[in-house]
>>> print(open('structure12.pdb').read())   # PDB, C-alpha atoms
ATOM      1  CA  MET Q   1      25.075 -34.926  -1.679  1.00  0.00           C
ATOM      2  CA  LYS Q   2      27.660 -35.175   1.062  1.00  0.00           C
ATOM      3  CA  ASN Q   3      27.228 -35.831   4.768  1.00  0.00           C
ATOM      4  CA  ASN Q   4      23.448 -36.219   4.454  1.00  0.00           C
ATOM      5  CA  GLN Q   5      23.200 -32.664   3.119  1.00  0.00           C
ATOM      6  CA  ILE Q   6      20.132 -31.975   1.025  1.00  0.00           C
ATOM      7  CA  GLU Q   7      20.983 -30.377  -2.304  1.00  0.00           C
ATOM      8  CA  LYS Q   8      19.066 -27.084  -2.460  1.00  0.00           C
ATOM      9  CA  LYS Q   9      17.267 -26.012  -5.642  1.00  0.00           C
ATOM     10  CA  VAL Q  10      15.591 -23.009  -7.193  1.00  0.00           C
ATOM     11  CA  VAL Q  11      12.394 -23.613  -9.151  1.00  0.00           C
ATOM     12  CA  ILE Q  12      11.931 -21.258 -12.087  1.00  0.00           C
ATOM     13  CA  CYS Q  13       8.329 -20.236 -12.751  1.00  0.00           C
ATOM     14  CA  GLY Q  14       6.543 -18.129 -15.331  1.00  0.00           C
ATOM     15  CA  SER Q  15       4.492 -18.184 -18.477  1.00  0.00           C
ATOM     16  CA  MET Q  16       5.440 -20.880 -20.957  1.00  0.00           C
ATOM     17  CA  SER Q  17       5.889 -18.077 -23.481  1.00  0.00           C
ATOM     18  CA  CYS Q  18       9.076 -17.367 -21.453  1.00  0.00           C
ATOM     19  CA  PHE Q  19      10.494 -20.869 -21.854  1.00  0.00           C
ATOM     20  CA  ASP Q  20      13.634 -19.617 -23.643  1.00  0.00           C
ATOM     21  CA  LYS Q  21      14.274 -17.207 -20.751  1.00  0.00           C
ATOM     22  CA  MET Q  22      13.813 -20.108 -18.315  1.00  0.00           C
ATOM     23  CA  LEU Q  23      16.533 -22.033 -20.148  1.00  0.00           C
ATOM     24  CA  GLU Q  24      18.801 -18.976 -20.106  1.00  0.00           C
ATOM     25  CA  LEU Q  25      18.316 -18.440 -16.356  1.00  0.00           C
ATOM     26  CA  LYS Q  26      18.845 -22.133 -15.689  1.00  0.00           C
ATOM     27  CA  ARG Q  27      22.212 -21.980 -17.471  1.00  0.00           C
ATOM     28  CA  GLU Q  28      23.198 -18.795 -15.654  1.00  0.00           C
ATOM     29  CA  LEU Q  29      22.271 -20.081 -12.191  1.00  0.00           C
ATOM     30  CA  ASN Q  30      23.903 -23.438 -12.911  1.00  0.00           C
ATOM     31  CA  SER Q  31      27.123 -21.546 -13.708  1.00  0.00           C
ATOM     32  CA  TYR Q  32      27.008 -20.389 -10.042  1.00  0.00           C
ATOM     33  CA  LYS Q  33      26.472 -24.005  -8.977  1.00  0.00           C
ATOM     34  CA  ILE Q  34      22.821 -23.343  -8.166  1.00  0.00           C
ATOM     35  CA  ASN Q  35      20.632 -26.284  -9.059  1.00  0.00           C
ATOM     36  CA  THR Q  36      17.460 -25.331 -10.869  1.00  0.00           C
ATOM     37  CA  VAL Q  37      14.184 -26.875 -11.909  1.00  0.00           C
ATOM     38  CA  ILE Q  38      12.260 -25.696 -14.954  1.00  0.00           C
ATOM     39  CA  PRO Q  39       8.987 -26.963 -16.373  1.00  0.00           C
ATOM     40  CA  GLU Q  40       8.903 -29.366 -19.250  1.00  0.00           C
ATOM     41  CA  ASP Q  41       8.639 -27.614 -22.611  1.00  0.00           C
ATOM     42  CA  GLU Q  42       4.944 -27.753 -23.437  1.00  0.00           C
ATOM     43  CA  ALA Q  43       5.578 -26.998 -27.120  1.00  0.00           C
ATOM     44  CA  LYS Q  44       5.782 -30.728 -27.810  1.00  0.00           C
ATOM     45  CA  TYR Q  45       2.175 -31.033 -26.625  1.00  0.00           C
ATOM     46  CA  GLU Q  46       0.785 -28.545 -29.146  1.00  0.00           C
ATOM     47  CA  SER Q  47      -1.471 -31.212 -30.639  1.00  0.00           C
ATOM     48  CA  ILE Q  48      -3.658 -31.352 -27.515  1.00  0.00           C
ATOM     49  CA  LYS Q  49      -4.317 -27.609 -27.219  1.00  0.00           C
ATOM     50  CA  ASN Q  50      -8.060 -28.071 -27.461  1.00  0.00           C
ATOM     51  CA  GLY Q  51     -11.006 -28.931 -25.269  1.00  0.00           C
ATOM     52  CA  GLU Q  52     -11.228 -31.310 -22.362  1.00  0.00           C
ATOM     53  CA  GLN Q  53      -7.971 -33.115 -23.118  1.00  0.00           C
ATOM     54  CA  TYR Q  54      -6.075 -29.819 -22.903  1.00  0.00           C
ATOM     55  CA  PHE Q  55      -7.620 -28.871 -19.555  1.00  0.00           C
ATOM     56  CA  LYS Q  56      -6.773 -32.290 -18.078  1.00  0.00           C
ATOM     57  CA  PHE Q  57      -3.201 -31.914 -19.330  1.00  0.00           C
ATOM     58  CA  LYS Q  58      -2.912 -28.373 -17.927  1.00  0.00           C
ATOM     59  CA  ARG Q  59      -4.229 -29.459 -14.511  1.00  0.00           C
ATOM     60  CA  LYS Q  60      -1.834 -32.428 -14.365  1.00  0.00           C
ATOM     61  CA  VAL Q  61       1.168 -30.276 -15.303  1.00  0.00           C
ATOM     62  CA  SER Q  62       0.219 -27.608 -12.749  1.00  0.00           C
ATOM     63  CA  GLU Q  63      -0.249 -30.133  -9.954  1.00  0.00           C
ATOM     64  CA  GLU Q  64       3.118 -31.739 -10.698  1.00  0.00           C
ATOM     65  CA  TYR Q  65       4.861 -28.349 -10.603  1.00  0.00           C
ATOM     66  CA  PHE Q  66       3.121 -27.423  -7.338  1.00  0.00           C
ATOM     67  CA  LYS Q  67       4.552 -30.655  -5.856  1.00  0.00           C
ATOM     68  CA  LYS Q  68       8.039 -29.720  -7.066  1.00  0.00           C
ATOM     69  CA  ILE Q  69       7.762 -26.288  -5.434  1.00  0.00           C
ATOM     70  CA  ARG Q  70       6.768 -27.868  -2.093  1.00  0.00           C
ATOM     71  CA  LYS Q  71       9.726 -30.283  -1.997  1.00  0.00           C
ATOM     72  CA  LYS Q  72      12.059 -30.044   0.994  1.00  0.00           C
ATOM     73  CA  GLU Q  73      15.135 -29.375  -1.142  1.00  0.00           C
ATOM     74  CA  VAL Q  74      13.586 -26.306  -2.794  1.00  0.00           C
ATOM     75  CA  PHE Q  75      15.104 -23.119  -1.400  1.00  0.00           C
ATOM     76  CA  ALA Q  76      13.126 -20.636  -3.493  1.00  0.00           C
ATOM     77  CA  ILE Q  77      11.272 -19.914  -6.680  1.00  0.00           C
ATOM     78  CA  LEU Q  78      12.382 -17.419  -9.294  1.00  0.00           C
ATOM     79  CA  VAL Q  79       9.479 -15.912 -11.218  1.00  0.00           C
ATOM     80  CA  ILE Q  80       9.989 -14.596 -14.734  1.00  0.00           C
ATOM     81  CA  ASN Q  81       7.650 -11.640 -14.871  1.00  0.00           C
ATOM     82  CA  LYS Q  82       8.504  -9.741 -18.011  1.00  0.00           C
ATOM     83  CA  GLU Q  83       6.143  -7.537 -19.973  1.00  0.00           C
ATOM     84  CA  LYS Q  84       3.320  -9.423 -21.675  1.00  0.00           C
ATOM     85  CA  ARG Q  85       0.309  -8.064 -23.561  1.00  0.00           C
ATOM     86  CA  GLY Q  86       1.512  -4.550 -22.757  1.00  0.00           C
ATOM     87  CA  ILE Q  87       1.467  -5.236 -19.004  1.00  0.00           C
ATOM     88  CA  PRO Q  88       4.808  -4.550 -17.290  1.00  0.00           C
ATOM     89  CA  ASN Q  89       6.068  -7.196 -14.830  1.00  0.00           C
ATOM     90  CA  TYR Q  90       3.235  -9.526 -15.889  1.00  0.00           C
ATOM     91  CA  ILE Q  91       2.306 -12.448 -13.625  1.00  0.00           C
ATOM     92  CA  GLY Q  92      -0.391 -14.768 -14.932  1.00  0.00           C
ATOM     93  CA  ALA Q  93      -2.926 -16.725 -12.918  1.00  0.00           C
ATOM     94  CA  ASN Q  94      -0.979 -19.980 -12.866  1.00  0.00           C
ATOM     95  CA  THR Q  95       2.259 -18.243 -11.890  1.00  0.00           C
ATOM     96  CA  PHE Q  96       0.438 -16.371  -9.121  1.00  0.00           C
ATOM     97  CA  ALA Q  97      -0.809 -19.750  -7.882  1.00  0.00           C
ATOM     98  CA  GLU Q  98       2.791 -21.042  -7.900  1.00  0.00           C
ATOM     99  CA  ILE Q  99       3.845 -18.019  -5.829  1.00  0.00           C
ATOM    100  CA  ALA Q 100       1.059 -18.726  -3.333  1.00  0.00           C
ATOM    101  CA  ILE Q 101       2.106 -22.384  -3.097  1.00  0.00           C
ATOM    102  CA  ALA Q 102       5.723 -21.324  -2.478  1.00  0.00           C
ATOM    103  CA  ILE Q 103       4.709 -18.843   0.216  1.00  0.00           C
ATOM    104  CA  ASN Q 104       2.548 -21.478   1.891  1.00  0.00           C
ATOM    105  CA  ALA Q 105       5.477 -23.931   1.772  1.00  0.00           C
ATOM    106  CA  LYS Q 106       7.771 -21.316   3.411  1.00  0.00           C
ATOM    107  CA  LYS Q 107       9.956 -20.833   0.310  1.00  0.00           C
ATOM    108  CA  LYS Q 108      11.564 -17.557  -0.685  1.00  0.00           C
ATOM    109  CA  VAL Q 109      10.098 -15.922  -3.773  1.00  0.00           C
ATOM    110  CA  TYR Q 110      12.128 -13.755  -6.141  1.00  0.00           C
ATOM    111  CA  LEU Q 111      10.722 -11.847  -9.107  1.00  0.00           C
ATOM    112  CA  LEU Q 112      13.079 -11.367 -12.026  1.00  0.00           C
ATOM    113  CA  ASN Q 113      11.699  -7.864 -12.540  1.00  0.00           C
ATOM    114  CA  ASP Q 114       9.698  -5.505 -10.333  1.00  0.00           C
ATOM    115  CA  ILE Q 115       6.428  -6.101  -8.473  1.00  0.00           C
ATOM    116  CA  PRO Q 116       3.395  -5.711 -10.742  1.00  0.00           C
ATOM    117  CA  ASP Q 117       0.687  -3.250  -9.716  1.00  0.00           C
ATOM    118  CA  THR Q 118      -1.949  -5.980 -10.032  1.00  0.00           C
ATOM    119  CA  TYR Q 119      -0.743  -8.000  -7.034  1.00  0.00           C
ATOM    120  CA  TYR Q 120       1.269  -5.319  -5.239  1.00  0.00           C
ATOM    121  CA  ASP Q 121      -0.391  -5.607  -1.801  1.00  0.00           C
ATOM    122  CA  GLU Q 122      -0.245  -9.412  -1.726  1.00  0.00           C
ATOM    123  CA  LEU Q 123       3.338  -9.677  -2.948  1.00  0.00           C
ATOM    124  CA  ILE Q 124       4.611  -7.012  -0.549  1.00  0.00           C
ATOM    125  CA  SER Q 125       2.848  -8.634   2.418  1.00  0.00           C
ATOM    126  CA  TRP Q 126       4.236 -12.034   1.350  1.00  0.00           C
ATOM    127  CA  GLU Q 127       7.754 -10.518   1.329  1.00  0.00           C
ATOM    128  CA  VAL Q 128       8.402 -11.333  -2.299  1.00  0.00           C
ATOM    129  CA  PHE Q 129      11.720  -9.864  -3.437  1.00  0.00           C
ATOM    130  CA  PRO Q 130      11.960  -8.041  -6.795  1.00  0.00           C
ATOM    131  CA  LEU Q 131      15.391  -8.529  -8.396  1.00  0.00           C
ATOM    132  CA  ASN Q 132      15.005  -5.924 -11.154  1.00  0.00           C
ATOM    133  CA  LYS Q 133      17.011  -8.208 -13.494  1.00  0.00           C
ATOM    134  CA  ASN Q 134      19.924  -8.557 -11.033  1.00  0.00           C
ATOM    135  CA  LEU Q 135      20.358 -12.112  -9.730  1.00  0.00           C
ATOM    136  CA  ASN Q 136      22.981 -11.162  -7.118  1.00  0.00           C
ATOM    137  CA  LYS Q 137      20.529 -11.169  -4.163  1.00  0.00           C
ATOM    138  CA  LEU Q 138      19.237 -14.638  -5.035  1.00  0.00           C
ATOM    139  CA  ILE Q 139      22.795 -15.960  -5.527  1.00  0.00           C
ATOM    140  CA  LYS Q 140      23.949 -14.452  -2.215  1.00  0.00           C
ATOM    141  CA  ASP Q 141      20.937 -15.797  -0.285  1.00  0.00           C
ATOM    142  CA  TYR Q 142      21.438 -19.255  -1.792  1.00  0.00           C
ATOM    143  CA  ASN Q 143      25.155 -19.321  -0.937  1.00  0.00           C
ATOM    144  CA  ASP Q 144      24.500 -17.990   2.577  1.00  0.00           C
ATOM    145  CA  LEU Q 145      22.051 -20.831   3.167  1.00  0.00           C
ATOM    146  CA  ILE Q 146      24.450 -23.455   1.795  1.00  0.00           C
ATOM    147  CA  ASN Q 147      27.310 -22.125   3.941  1.00  0.00           C
ATOM    148  CA  TYR Q 148      25.075 -22.012   7.019  1.00  0.00           C
ATOM    149  CA  GLU Q 149      23.961 -25.607   6.480  1.00  0.00           C
ATOM    150  CA  LYS Q 150      27.566 -26.764   5.940  1.00  0.00           C
ATOM    151  CA  ASN Q 151      28.591 -25.088   9.195  1.00  0.00           C
ATOM    152  CA  GLN Q 152      25.670 -26.680  11.039  1.00  0.00           C
ATOM    153  CA  LEU Q 153      26.559 -30.067   9.588  1.00  0.00           C
ATOM    154  CA  ASN Q 154      30.195 -29.664  10.597  1.00  0.00           C
ATOM    155  CA  LEU Q 155      29.171 -28.762  14.148  1.00  0.00           C
ATOM    156  CA  LYS Q 156      26.902 -31.811  14.277  1.00  0.00           C
ATOM    157  CA  PHE Q 157      29.715 -34.146  13.173  1.00  0.00           C
ATOM    158  CA  GLU Q 158      32.217 -32.579  15.595  1.00  0.00           C
ATOM    159  CA  GLU Q 159      30.035 -33.411  18.619  1.00  0.00           C
TER     160      GLU Q 159
END
>>> encode(input="structure12.pdb", output="structure tokens")
Amino acid sequence: MKNNQIEKKVVICGSMSCFDKMLELKRELNSYKINTVIPEDEAKYESIKNGEQYFKFKRKVSEEYFKKIRKKEVFAILVINKEKRGIPNYIGANTFAEIAIAINAKKKVYLLNDIPDTYYDELISWEVFPLNKNLNKLIKDYNDLINYEKNQLNLKFEE
């Protein structure tokens, strides 16, 4: 961070079955100097995938990720919504909750693919942007924000 500038981030969301895709997107966005946040790989917690202990773990992990999405330095979330169980552009319950948290926290929301039929009305009214596998819009919006903030900071220091 320079000149009190807050380093902006993109939080990547989606089903944990897409963890490899999260890693891939993290690397790609990082190559454009976009800082990203991904969830911790839950595979190492396979042993607790049963009963009450699992539900406590799942709640704790969800709450921690909701907090990350709300952070001031978060510019947007990127939702991986690929086909799952034969449903195109699938968004699960937890991911939909993350989208709602982001919208409530005034963050931009990008879908990696198109808008699913299931939540079409909500996502359109929330101004969620479908990328259709092309990250250029997210990258441009991120860079526009960074450049705007740099210009504002420069004006502030010139006064």
>>> resolve_selection(input="structure12.pdb", expression="the PyMOL selection byres ((chain Q and resi 68) around 12)", output="PyMOL selection string")
chain Q and resi 9-13+36-39+61-67+69-77+98+101-102+105+107
>>> write_last_selection(input="structure12.pdb", atoms="C-alpha atoms", output="compact mmCIF listing (two decimals), keeping the file's coordinate frame")
# COMPACT_ATOMS: atom_id res chain seq x y z
CA LYS Q 9 17.27 -26.01 -5.64
CA VAL Q 10 15.59 -23.01 -7.19
CA VAL Q 11 12.39 -23.61 -9.15
CA ILE Q 12 11.93 -21.26 -12.09
CA CYS Q 13 8.33 -20.24 -12.75
CA THR Q 36 17.46 -25.33 -10.87
CA VAL Q 37 14.18 -26.88 -11.91
CA ILE Q 38 12.26 -25.70 -14.95
CA PRO Q 39 8.99 -26.96 -16.37
CA VAL Q 61 1.17 -30.28 -15.30
CA SER Q 62 0.22 -27.61 -12.75
CA GLU Q 63 -0.25 -30.13 -9.95
CA GLU Q 64 3.12 -31.74 -10.70
CA TYR Q 65 4.86 -28.35 -10.60
CA PHE Q 66 3.12 -27.42 -7.34
CA LYS Q 67 4.55 -30.66 -5.86
CA ILE Q 69 7.76 -26.29 -5.43
CA ARG Q 70 6.77 -27.87 -2.09
CA LYS Q 71 9.73 -30.28 -2.00
CA LYS Q 72 12.06 -30.04 0.99
CA GLU Q 73 15.14 -29.38 -1.14
CA VAL Q 74 13.59 -26.31 -2.79
CA PHE Q 75 15.10 -23.12 -1.40
CA ALA Q 76 13.13 -20.64 -3.49
CA ILE Q 77 11.27 -19.91 -6.68
CA GLU Q 98 2.79 -21.04 -7.90
CA ILE Q 101 2.11 -22.38 -3.10
CA ALA Q 102 5.72 -21.32 -2.48
CA ALA Q 105 5.48 -23.93 1.77
CA LYS Q 107 9.96 -20.83 0.31
>>> residues_around(input="structure12.pdb", residues="Leu131 of chain Q", least_positions_apart="3", cutoff="12 Å", atoms="all atoms listed in the file", output="MDAnalysis selection string")
chainID Q and resid 78:82 89 109:115 128 134:139
>>> closest_residue(input="structure12.pdb", among="Q:Pro116, Q:Asn104, Q:Lys133, Q:Glu52", to="Leu25 of chain Q", atoms="only C-alpha atoms")
Q:Lys133
>>> residues_around(input="structure12.pdb", residues="Glu127 of chain Q", least_positions_apart="5", cutoff="9 Å", atoms="all atoms listed in the file", output="PyMOL selection string")
chain Q and resi 103+108-109+122
>>> atom_distance(input="structure12.pdb", atom1="atom CA of Lys140 of chain Q", atom2="atom CA of Arg27 of chain Q")
17.1 Å
>>> residues_around(input="structure12.pdb", residues="segment 145-147 of chain Q", least_positions_apart="3", cutoff="9 Å", atoms="all atoms listed in the file", output="ChimeraX atom specification")
/Q:7-8,75,140-142,150-152
>>> resolve_selection(input="structure12.pdb", expression="the PyMOL selection byres ((chain Q and resi 93) around 12)", output="list of chain:residue names")
Q:Cys13, Q:Gly14, Q:Ser15, Q:Ser62, Q:Asn81, Q:Tyr90, Q:Ile91, Q:Gly92, Q:Asn94, Q:Thr95, Q:Phe96, Q:Ala97, Q:Glu98, Q:Ile99, Q:Ala100, Q:Thr118, Q:Tyr119
>>> closest_residue(input="structure12.pdb", among="Q:Ile87, Q:Leu123, Q:Leu29, Q:Cys18", to="Asp41 of chain Q", atoms="only C-alpha atoms")
Q:Cys18
>>> atom_distance(input="structure12.pdb", atom1="atom CA of Glu42 of chain Q", atom2="atom CA of Tyr54 of chain Q")
11.2 Å
>>> atom_distance(input="structure12.pdb", atom1="atom CA of Arg85 of chain Q", atom2="atom CA of Lys60 of chain Q")
26.1 Å
